[in-house]
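Have a look at protein18.txt; it's compact mmCIF, C-alpha atoms:
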# COMPACT_ATOMS: atom_id res chain seq x y z
CA MET X 1 -35.23 -59.81 29.07
CA LEU X 2 -32.30 -61.19 30.99
CA GLN X 3 -29.03 -62.06 29.31
CA VAL X 4 -27.67 -65.41 30.43
CA ALA X 5 -24.36 -65.56 28.51
CA TRP X 6 -22.10 -62.61 29.26
CA ASP X 7 -18.95 -61.51 27.47
CA SER X 8 -16.59 -58.70 28.43
CA THR X 9 -18.41 -56.25 26.13
CA SER X 10 -21.77 -56.87 27.78
CA ILE X 11 -20.35 -56.78 31.29
CA GLY X 12 -18.39 -53.64 30.44
CA TYR X 13 -21.51 -51.79 29.25
CA LEU X 14 -23.45 -52.89 32.32
CA LYS X 15 -20.71 -51.62 34.63
CA GLU X 16 -20.30 -48.42 32.64
CA CYS X 17 -23.98 -47.52 32.40
CA PRO X 18 -27.01 -49.83 32.67
CA ARG X 19 -28.91 -47.57 30.23
CA LYS X 20 -26.14 -47.93 27.64
CA TYR X 21 -26.26 -51.67 28.22
CA GLN X 22 -30.01 -51.60 27.63
CA TYR X 23 -29.65 -49.75 24.32
CA MET X 24 -26.84 -51.94 23.05
CA MET X 25 -27.69 -55.39 24.37
CA VAL X 26 -31.37 -55.49 25.28
CA LEU X 27 -32.71 -53.35 22.43
CA GLY X 28 -29.92 -54.18 19.96
CA ARG X 29 -29.36 -50.55 19.00
CA GLN X 30 -26.09 -48.85 18.09
CA PRO X 31 -25.32 -45.22 17.31
CA ARG X 32 -25.51 -44.36 13.61
CA GLU X 33 -22.13 -42.75 13.83
CA GLU X 34 -19.44 -45.29 13.00
CA SER X 35 -16.66 -45.61 15.54
CA VAL X 36 -13.46 -45.37 13.54
CA HIS X 37 -11.60 -46.80 16.52
CA LEU X 38 -13.80 -49.88 16.57
CA THR X 39 -13.48 -50.43 12.81
CA PHE X 40 -9.73 -49.92 12.89
CA GLY X 41 -9.36 -52.20 15.91
CA LEU X 42 -11.41 -54.99 14.34
CA HIS X 43 -9.35 -54.94 11.12
CA TYR X 44 -6.08 -54.74 13.05
CA HIS X 45 -7.02 -57.77 15.15
CA LYS X 46 -8.27 -59.73 12.15
CA ALA X 47 -5.16 -59.07 10.06
CA LEU X 48 -2.88 -60.25 12.86
CA GLU X 49 -5.14 -63.24 13.48
CA ILE X 50 -4.75 -64.20 9.82
CA TYR X 51 -0.98 -63.95 10.22
CA ASP X 52 -1.03 -66.11 13.38
CA HIS X 53 -3.19 -68.76 11.72
CA SER X 54 -1.00 -68.81 8.62
CA ARG X 55 2.14 -69.25 10.71
CA SER X 56 0.54 -72.05 12.70
CA ARG X 57 -0.27 -73.80 9.42
CA GLY X 58 3.44 -73.81 8.63
CA MET X 59 3.61 -70.77 6.37
CA ASP X 60 6.82 -68.76 6.65
CA HIS X 61 6.88 -65.21 7.99
CA ALA X 62 7.07 -63.48 4.62
CA ASP X 63 4.11 -65.29 3.08
CA ALA X 64 2.01 -65.00 6.24
CA GLN X 65 2.74 -61.28 6.28
CA LEU X 66 1.49 -61.01 2.71
CA GLU X 67 -1.75 -62.73 3.74
CA ALA X 68 -2.23 -60.08 6.43
CA VAL X 69 -1.45 -57.32 3.93
CA ARG X 70 -3.94 -58.73 1.44
CA TYR X 71 -6.59 -58.72 4.16
CA CYS X 72 -5.90 -55.05 4.96
CA TYR X 73 -6.41 -54.07 1.34
CA THR X 74 -9.49 -56.18 0.68
CA ALA X 75 -11.32 -55.75 3.99
CA THR X 76 -11.20 -51.98 3.87
CA VAL X 77 -13.30 -51.53 0.78
CA VAL X 78 -17.04 -51.63 0.28
CA ARG X 79 -18.35 -53.55 -2.74
CA LEU X 80 -21.07 -51.67 -4.56
CA GLY X 81 -23.71 -54.00 -5.90
CA THR X 82 -22.76 -57.18 -7.67
CA GLY X 83 -20.44 -55.59 -10.22
CA LYS X 84 -16.79 -54.68 -9.92
CA ALA X 85 -17.46 -51.26 -8.45
CA TRP X 86 -16.03 -50.55 -5.04
CA ARG X 87 -15.12 -47.69 -2.78
CA PRO X 88 -12.52 -47.55 -0.02
CA TRP X 89 -13.33 -47.30 3.67
CA VAL X 90 -13.31 -43.58 4.30
CA SER X 91 -12.00 -42.37 7.62
CA ASP X 92 -11.57 -38.74 8.51
CA ASP X 93 -9.18 -39.70 11.26
CA SER X 94 -5.61 -38.98 10.22
CA ASN X 95 -4.35 -41.58 12.71
CA LYS X 96 -6.70 -44.40 11.86
CA ASN X 97 -7.36 -45.06 8.19
CA ARG X 98 -6.52 -47.59 5.47
CA PHE X 99 -2.91 -46.56 5.19
CA THR X 100 -2.17 -46.45 8.92
CA LEU X 101 -3.88 -49.82 9.34
CA LEU X 102 -1.65 -51.39 6.71
CA ARG X 103 1.42 -49.71 8.16
CA SER X 104 0.58 -50.76 11.72
CA VAL X 105 0.09 -54.39 10.74
CA VAL X 106 3.30 -54.58 8.69
CA TRP X 107 5.35 -52.77 11.33
CA TYR X 108 3.98 -54.99 14.11
CA LEU X 109 4.93 -58.10 12.18
CA GLU X 110 8.36 -56.67 11.41
CA GLN X 111 8.95 -55.85 15.07
CA PHE X 112 7.74 -59.20 16.42
CA GLU X 113 9.01 -61.47 13.66
CA ALA X 114 11.51 -63.12 16.02
CA ASP X 115 9.11 -63.19 18.92
CA ALA X 116 9.93 -65.27 21.98
CA LEU X 117 6.22 -65.95 22.37
CA LYS X 118 4.95 -69.07 20.64
CA THR X 119 1.28 -69.75 19.98
CA VAL X 120 -0.05 -72.61 22.07
CA GLN X 121 -1.20 -75.61 20.03
CA LEU X 122 -4.48 -77.02 21.28
CA ALA X 123 -5.07 -80.73 21.85
CA ASN X 124 -7.03 -80.82 18.58
CA GLY X 125 -3.93 -79.62 16.75
CA LYS X 126 -5.28 -76.16 16.09
CA PRO X 127 -3.54 -72.97 17.21
CA ALA X 128 -4.96 -71.09 20.20
CA VAL X 129 -5.74 -68.03 18.11
CA GLU X 130 -9.01 -66.07 18.33
CA LEU X 131 -10.12 -68.71 20.74
CA SER X 132 -13.83 -68.62 21.47
CA PHE X 133 -14.76 -69.84 24.92
CA ARG X 134 -17.82 -70.29 27.07
CA TYR X 135 -18.31 -71.89 30.44
CA GLN X 136 -20.91 -72.17 33.15
CA THR X 137 -20.31 -70.16 36.30
CA ASP X 138 -21.70 -70.98 39.71
CA ILE X 139 -23.41 -67.57 39.88
CA PRO X 140 -27.12 -68.40 40.19
CA ILE X 141 -29.69 -66.63 38.02
CA PRO X 142 -32.06 -65.23 40.66
CA THR X 143 -35.15 -65.58 38.52
CA ARG X 144 -34.45 -69.09 37.20
CA SER X 145 -34.24 -71.89 39.65
CA GLY X 146 -31.16 -74.07 39.31
CA GLU X 147 -29.69 -72.11 36.39
CA THR X 148 -26.40 -70.23 36.46
CA PHE X 149 -24.88 -67.51 34.30
CA ILE X 150 -22.46 -68.28 31.47
CA ILE X 151 -19.26 -66.40 30.68
CA CYS X 152 -18.14 -66.31 27.06
CA GLY X 153 -15.80 -64.41 24.77
CA HIS X 154 -12.78 -64.59 22.53
CA LEU X 155 -9.11 -64.67 23.42
CA ASP X 156 -6.73 -63.19 20.87
CA ARG X 157 -4.04 -65.77 21.55
CA LEU X 158 -2.72 -68.12 24.17
CA VAL X 159 1.06 -68.10 24.01
CA GLU X 160 3.90 -69.96 25.64
CA MET X 161 7.26 -68.67 26.83
CA ASP X 162 9.74 -70.36 29.15
CA ASN X 163 7.20 -73.12 29.87
CA ASN X 164 4.62 -70.63 31.06
CA ILE X 165 1.26 -69.88 29.47
CA TYR X 166 0.09 -66.31 28.88
CA PHE X 167 -2.94 -64.79 27.21
CA LEU X 168 -2.10 -62.08 24.72
CA ASP X 169 -4.21 -59.15 23.68
CA ARG X 170 -3.56 -56.26 21.35
CA LYS X 171 -4.70 -52.69 21.68
CA THR X 172 -4.33 -49.59 19.57
CA THR X 173 -4.25 -46.04 20.83
CA LYS X 174 -3.53 -42.56 19.57
CA HIS X 175 -1.88 -41.64 22.84
CA THR X 176 1.78 -41.89 23.78
CA ILE X 177 2.58 -45.20 25.43
CA ASN X 178 4.08 -44.98 28.89
CA SER X 179 3.75 -46.68 32.27
CA ASP X 180 0.31 -45.11 32.70
CA THR X 181 -0.87 -46.96 29.60
CA PHE X 182 -0.42 -50.32 31.27
CA ALA X 183 -1.47 -49.08 34.72
CA LYS X 184 -4.89 -48.41 33.23
CA PHE X 185 -5.40 -52.14 32.80
CA ALA X 186 -5.21 -52.90 36.51
CA PRO X 187 -7.96 -53.25 37.38
CA ASP X 188 -9.71 -53.67 34.07
CA ASN X 189 -12.87 -55.65 33.39
CA GLN X 190 -11.86 -57.05 30.00
CA MET X 191 -8.36 -58.09 31.02
CA SER X 192 -9.60 -59.61 34.29
CA LEU X 193 -12.20 -61.60 32.38
CA TYR X 194 -9.57 -62.80 29.91
CA ASP X 195 -7.23 -63.70 32.75
CA PHE X 196 -9.94 -65.59 34.63
CA SER X 197 -11.18 -67.31 31.48
CA SER X 198 -7.71 -68.26 30.28
CA THR X 199 -7.26 -70.08 33.55
CA VAL X 200 -10.56 -71.89 33.09
CA VAL X 201 -9.92 -72.69 29.42
CA TRP X 202 -6.37 -73.87 29.99
CA GLN X 203 -7.36 -75.56 33.26
CA THR X 204 -4.31 -74.15 34.99
CA PRO X 205 -3.62 -70.57 36.04
CA VAL X 206 -1.98 -68.54 33.30
CA LYS X 207 1.15 -66.76 34.43
CA ASP X 208 0.25 -63.32 33.15
CA GLY X 209 -1.56 -61.43 30.50
CA ILE X 210 0.55 -59.83 27.79
CA LEU X 211 -0.60 -56.65 26.17
CA ASP X 212 0.89 -55.41 22.91
CA VAL X 213 -0.07 -51.77 22.61
CA ALA X 214 0.31 -49.92 19.32
CA GLN X 215 0.49 -46.16 19.35
CA VAL X 216 -0.89 -45.25 15.95
CA GLY X 217 0.17 -41.82 14.77
CA ALA X 218 -0.35 -40.16 11.42
CA THR X 219 3.22 -40.86 10.36
CA PHE X 220 4.34 -43.73 12.58
CA THR X 221 3.25 -46.66 14.70
CA ARG X 222 5.13 -47.45 17.88
CA PHE X 223 4.75 -50.65 19.90
CA GLN X 224 5.22 -51.50 23.51
CA ARG X 225 4.70 -54.81 25.27
CA GLY X 226 3.51 -54.93 28.86
CA PHE X 227 2.60 -57.65 31.32
CA LEU X 228 -0.62 -57.77 33.34
CA ARG X 229 -0.60 -59.78 36.52
CA ARG X 230 -3.57 -61.00 38.49
CA THR X 231 -2.98 -62.89 41.73
CA PRO X 232 -5.35 -65.73 42.69
CA ALA X 233 -6.97 -63.42 45.26
CA MET X 234 -7.48 -60.74 42.60
CA ARG X 235 -9.11 -63.29 40.31
CA GLU X 236 -11.43 -64.35 43.08
CA GLU X 237 -12.32 -60.75 43.87
CA TRP X 238 -13.16 -60.00 40.23
CA TYR X 239 -15.33 -63.09 40.01
CA ASN X 240 -17.15 -62.32 43.28
CA ASP X 241 -17.79 -58.77 42.13
CA LEU X 242 -19.13 -60.09 38.85
CA GLY X 243 -21.70 -62.07 40.79
CA TYR X 244 -23.00 -58.87 42.38
CA TRP X 245 -23.16 -57.14 38.99
CA LEU X 246 -25.07 -59.98 37.35
CA ILE X 247 -27.55 -60.24 40.20
CA GLN X 248 -28.08 -56.49 39.82
CA ALA X 249 -28.65 -57.00 36.08
CA ALA X 250 -31.26 -59.63 36.88
CA TYR X 251 -32.98 -57.12 39.14
CA PHE X 252 -32.99 -54.42 36.42
CA ALA X 253 -34.32 -56.94 33.91
CA GLU X 254 -37.08 -58.04 36.24
CA LYS X 255 -38.12 -54.41 36.79
CA GLY X 256 -37.73 -53.62 33.10
CA TYR X 257 -35.76 -50.53 33.99
CA TRP X 258 -32.10 -49.83 33.39
CA PRO X 259 -30.97 -46.67 35.21
CA MET X 260 -28.74 -44.10 33.56
CA ASN X 261 -25.25 -43.58 35.00
CA ASP X 262 -24.77 -39.92 34.19
CA LYS X 263 -21.24 -39.94 35.54
CA SER X 264 -20.13 -42.02 32.54
CA CYS X 265 -21.49 -39.79 29.76
CA GLY X 266 -18.17 -37.98 29.26
CA ASN X 267 -15.91 -41.03 29.39
CA TYR X 268 -13.82 -42.16 26.42
CA GLY X 269 -14.38 -38.94 24.54
CA GLY X 270 -18.12 -38.97 25.23
CA CYS X 271 -20.72 -41.73 25.00
CA LEU X 272 -22.17 -42.08 21.49
CA PHE X 273 -25.64 -42.39 23.04
CA ARG X 274 -25.30 -39.00 24.70
CA PRO X 275 -27.39 -37.20 22.03
CA LEU X 276 -30.20 -39.68 22.71
CA CYS X 277 -29.97 -39.48 26.49
CA ALA X 278 -29.91 -35.69 26.20
CA LYS X 279 -33.52 -35.83 24.94
CA GLY X 280 -36.34 -35.90 27.45
CA PRO X 281 -37.55 -39.37 28.45
CA GLU X 282 -40.99 -38.56 27.06
CA VAL X 283 -39.63 -38.18 23.51
CA ARG X 284 -36.62 -40.47 23.68
CA GLU X 285 -38.29 -43.48 22.12
CA LYS X 286 -39.13 -41.44 19.02
CA TRP X 287 -35.53 -40.38 18.73
CA LEU X 288 -34.25 -43.92 19.16
CA ASN X 289 -34.85 -44.87 15.53
CA ALA X 290 -33.55 -41.57 14.23
CA LEU X 291 -30.28 -41.61 16.14
CA THR X 292 -29.50 -45.32 16.24
CA VAL X 293 -29.50 -48.35 13.97
CA ASN X 294 -30.44 -51.93 14.65
CA LYS X 295 -27.41 -54.14 15.24
CA VAL X 296 -27.71 -57.07 17.56
CA TRP X 297 -24.63 -58.14 19.46
CA ASP X 298 -24.36 -61.89 19.92
CA PRO X 299 -21.86 -62.71 22.65
CA LEU X 300 -22.06 -66.41 21.82
CA GLN X 301 -21.00 -65.96 18.20
CA VAL X 302 -18.02 -68.22 17.61
CA ARG X 303 -15.07 -66.68 15.80
CA GLY X 304 -12.39 -69.30 16.08
CA ASP X 305 -12.23 -72.48 18.06
CA ILE X 306 -13.86 -73.51 21.28
CA MET F 1 33.60 -37.93 -20.87
CA THR F 2 30.54 -39.35 -22.61
CA ILE F 3 27.31 -40.18 -20.90
CA ASP F 4 25.72 -43.48 -21.83
CA ILE F 5 22.03 -42.53 -21.79
CA GLY F 6 20.95 -46.07 -22.65
CA LYS F 7 22.86 -47.48 -19.71
CA ILE F 8 21.23 -45.05 -17.33
CA LEU F 9 17.76 -45.71 -18.65
CA ASN F 10 18.22 -49.47 -18.49
CA ALA F 11 19.89 -49.49 -15.09
CA PRO F 12 18.12 -51.84 -12.70
CA THR F 13 16.32 -50.05 -9.93
CA SER F 14 16.22 -51.35 -6.40
CA PRO F 15 12.89 -52.48 -4.91
CA LEU F 16 13.09 -49.48 -2.60
CA ASP F 17 13.23 -47.14 -5.56
CA GLU F 18 10.21 -48.88 -6.98
CA ALA F 19 8.30 -48.42 -3.78
CA ARG F 20 7.93 -44.68 -3.79
CA PRO F 21 4.91 -43.14 -2.05
CA GLU F 22 3.28 -42.62 -5.42
CA SER F 23 3.50 -46.29 -6.22
CA LEU F 24 1.86 -47.22 -2.90
CA GLU F 25 -0.89 -44.72 -3.57
CA ASP F 26 -1.33 -46.49 -6.87
CA LEU F 27 -1.97 -49.72 -5.05
CA PHE F 28 -4.51 -48.10 -2.77
CA ASN F 29 -6.41 -46.95 -5.83
CA LYS F 30 -6.40 -50.42 -7.35
CA ASP F 31 -9.22 -52.91 -6.87
CA PRO F 32 -7.88 -55.08 -4.03
CA LEU F 33 -9.09 -58.20 -5.81
CA GLU F 34 -6.68 -57.42 -8.63
CA LEU F 35 -3.62 -56.94 -6.44
CA THR F 36 -0.84 -59.34 -7.35
CA LYS F 37 1.69 -60.96 -5.05
CA GLN F 38 4.24 -58.49 -6.39
CA ASP F 39 1.96 -55.63 -5.36
CA LEU F 40 1.75 -57.00 -1.84
CA GLU F 41 5.51 -57.53 -1.68
CA ARG F 42 6.09 -53.98 -2.88
CA THR F 43 3.82 -52.76 -0.10
CA VAL F 44 5.87 -54.60 2.50
CA VAL F 45 9.15 -53.33 1.09
CA TYR F 46 7.91 -49.77 1.10
CA LEU F 47 6.58 -49.97 4.65
CA ARG F 48 9.70 -51.77 5.87
CA HIS F 49 11.81 -49.00 4.47
CA ALA F 50 9.56 -46.40 6.09
CA ARG F 51 9.90 -48.20 9.42
CA GLU F 52 13.67 -48.32 9.24
CA THR F 53 13.72 -44.61 8.51
CA PHE F 54 11.38 -43.93 11.42
CA LEU F 55 13.42 -46.05 13.84
CA ARG F 56 16.63 -44.35 12.76
CA GLU F 57 15.19 -40.88 13.22
CA ASP F 58 13.43 -41.84 16.44
CA ALA F 59 16.63 -43.26 17.92
CA ALA F 60 18.48 -40.08 17.01
CA LYS F 61 16.07 -37.94 18.98
CA VAL F 62 17.53 -36.99 22.33
CA PRO F 63 15.35 -35.89 25.24
CA ARG F 64 16.14 -32.36 26.41
CA GLY F 65 18.99 -32.45 28.93
CA ALA F 66 19.79 -36.09 28.27
CA LYS F 67 23.19 -37.32 27.16
CA LYS F 68 23.18 -38.25 23.51
CA THR F 69 23.46 -42.01 23.15
CA LEU F 70 22.27 -43.31 19.83
CA THR F 71 20.70 -46.73 19.61
CA PRO F 72 22.11 -48.64 16.70
CA VAL F 73 19.43 -49.46 14.17
CA LYS F 74 20.21 -53.16 14.45
CA GLN F 75 19.58 -52.97 18.19
CA ALA F 76 16.42 -50.97 17.73
CA LEU F 77 15.14 -53.62 15.37
CA ASP F 78 15.99 -56.44 17.76
CA THR F 79 12.73 -57.71 19.19
CA ALA F 80 13.59 -60.74 21.24
CA ILE F 81 11.90 -59.38 24.35
CA THR F 82 11.73 -61.53 27.44
CA VAL F 83 10.01 -60.99 30.76
CA ASN F 84 13.34 -60.03 32.29
CA ASP F 85 13.62 -57.11 29.90
CA LEU F 86 10.46 -55.61 31.32
CA GLU F 87 9.99 -53.92 34.63
CA ILE F 88 7.39 -56.04 36.31
CA ASP F 89 6.87 -57.30 39.83

Mind converting the file's structure to structure tokens?
Amino acid sequence: MLQVAWDSTSIGYLKECPRKYQYMMVLGRQPREESVHLTFGLHYHKALEIYDHSRSRGMDHADAQLEAVRYCYTATVVRLGTGKAWRPWVSDDSNKNRFTLLRSVVWYLEQFEADALKTVQLANGKPAVELSFRYQTDIPIPTRSGETFIICGHLDRLVEMDNNIYFLDRKTTKHTINSDTFAKFAPDNQMSLYDFSSTVVWQTPVKDGILDVAQVGATFTRFQRGFLRRTPAMREEWYNDLGYWLIQAAYFAEKGYWPMNDKSCGNYGGCLFRPLCAKGPEVREKWLNALTVNKVWDPLQVRGDI
Amino acid sequence: MTIDIGKILNAPTSPLDEARPESLEDLFNKDPLELTKQDLERTVVYLRHARETFLREDAAKVPRGAKKTLTPVKQALDTAITVNDLEID
């Protein structure tokens, strides 16, 4: 099976490890173990998205902030059955839990209340927040005559400052923020895709990417804003490289074999599929159901506006 | 000197006094669907206060060997960042 529409998550897995890509995207499997970082990040993004939307609808800062706070409380509980019973999201991570989520969202909105960045208003009058996009590339699909790959995804926000357009993304980390934090995003697949796509979506090159990084500690959250610049030649290089990666994916799909990149197993604190890959290939399929759950990732799922 | 117990008991408390850690914990234990606007506002007040305390203490920290120059809280809270404030090419 060959994926035609690619988002940064899919491309990232392919680049990281074709076998991981196969598990996640082709077979639709995910590790049973919940990633607290993923859950925290999703809620953090959603809460700030709610704030941005509320502000764009004309709500003042204080009320929009309350909307974000309400989301943090309500989204981090699990409803049990149809009754009134519920239980909170339980995290054993002292840095990333219900309280630190709420604190991080409120502190972010306090810090950036008087932000110089203004959300771009789209031609349809809607704010450019959680902006879903998709477009046809000119990268041919080797096995399908005349067809080309699609790039898709979601931009957190397009913002304007001093008559320039920027794409904005938010990240959370447990680590201290310093110059190395931002250096890690050049090069970076996700940011390069956002940069390239912002230019396509806005139909004019964006000036920069803006990254708001939150260092989430047990007792504090600290923020730092950094700028990510891609020159036209860098954009072109990323896009050309993508073509090679996608053609390689088509080759793997045709062969029905996605090789393991065993140099990536230890990255990011260790791949969650490592316990599965540690089993012998002759028994791995049996372990697949035991160690993973079915969860299909749809890169074309629309979150906001197109 | 006589102490007016009634006056003390009826003295208005500030929102910050209301928003003690215990009271926030209370809100975390409450069904989110039953949270009122006042509950949400109390959350913000509590966290705002916590942030101001953190910024004040953080600004007072001096790196070893560095000259002590405190950042006023007002300045630390000022967020109007522009590109020129950042070290970029």

Do me a favour and pick out the residues of chain X within 6 Å of chain F, using all atoms listed in the file, as a PDB file with C-alpha atoms, in the frame of the given file.
ATOM      1  CA  TYR X  73      -6.410 -54.070   1.340  1.00  0.00           C
ATOM      2  CA  THR X  74      -9.490 -56.180   0.680  1.00  0.00           C
ATOM      3  CA  GLN X 111       8.950 -55.850  15.070  1.00  0.00           C
ATOM      4  CA  PHE X 112       7.740 -59.200  16.420  1.00  0.00           C
ATOM      5  CA  ASP X 115       9.110 -63.190  18.920  1.00  0.00           C
ATOM      6  CA  ALA X 116       9.930 -65.270  21.980  1.00  0.00           C
TER       7      ALA X 116
END

query = Which value, in Å to one decimal, gives the distance between CA of Ser54 (chain X) and CA of Val129 (chain X)?
reply =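 Separation of CA of Ser54 (chain X) and CA of Val129 (chain X): 10.6 Å.
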
For region 62-79 of chain X, I'd like the enclosing box, axis-aligned and padded by 3 Å on every side, reported as AutoDock Vina command-line options with centre and edge lengths in Å to one decimal.
--center_x -5.6 --center_y -58.4 --center_z 1.8 --size_x 31.4 --size_y 19.8 --size_z 15.2

request  = Have a look at CA of Leu2 (chain X) and CA of Asp262 (chain X) and let me know their distance in Å, one decimal.
outcome  =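 Between CA of Leu2 (chain X) and CA of Asp262 (chain X) the gap works out to 22.8 Å.
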
request  = Have a look at CA of Trp258 (chain X) and CA of Gly28 (chain X) and let me know their distance in Å, one decimal.
outcome  = 14.3 Å

Need the shell around His43 (chain X): protein/DNA/RNA residues with any atom at most 9 Å away, counting all atoms listed in the file. Skip same-chain ones fewer than 6 positions apart. Format as a PDB file with C-alpha atoms, keeping the file's coordinate frame?
ATOM      1  CA  TYR X  71      -6.590 -58.720   4.160  1.00  0.00           C
ATOM      2  CA  CYS X  72      -5.900 -55.050   4.960  1.00  0.00           C
ATOM      3  CA  ALA X  75     -11.320 -55.750   3.990  1.00  0.00           C
ATOM      4  CA  THR X  76     -11.200 -51.980   3.870  1.00  0.00           C
ATOM      5  CA  LEU X 101      -3.880 -49.820   9.340  1.00  0.00           C
TER       6      LEU X 101
END

Best match for closeness to Ala186 (chain X) among X:Ile11, X:Ala218, X:Leu211, X:Leu228, counting only C-alpha atoms =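 Selected residue with least distance to Ala186 (chain X): X:Leu228.
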
Selection near Arg170 (chain X), 7 Å with only C-alpha atoms, sequence-local residues under 2 positions removed, as a list in words =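 Near Arg170 (chain X), the qualifying residues are Leu168, Thr172, Leu211, Asp212 and Val213 of chain X.
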
Could you write out that same residue set with C-alpha atoms as a PDB file, in the frame of the given file?
ATOM      1  CA  LEU X 168      -2.100 -62.080  24.720  1.00  0.00           C
ATOM      2  CA  THR X 172      -4.330 -49.590  19.570  1.00  0.00           C
ATOM      3  CA  LEU X 211      -0.600 -56.650  26.170  1.00  0.00           C
ATOM      4  CA  ASP X 212       0.890 -55.410  22.910  1.00  0.00           C
ATOM      5  CA  VAL X 213      -0.070 -51.770  22.610  1.00  0.00           C
TER       6      VAL X 213
END
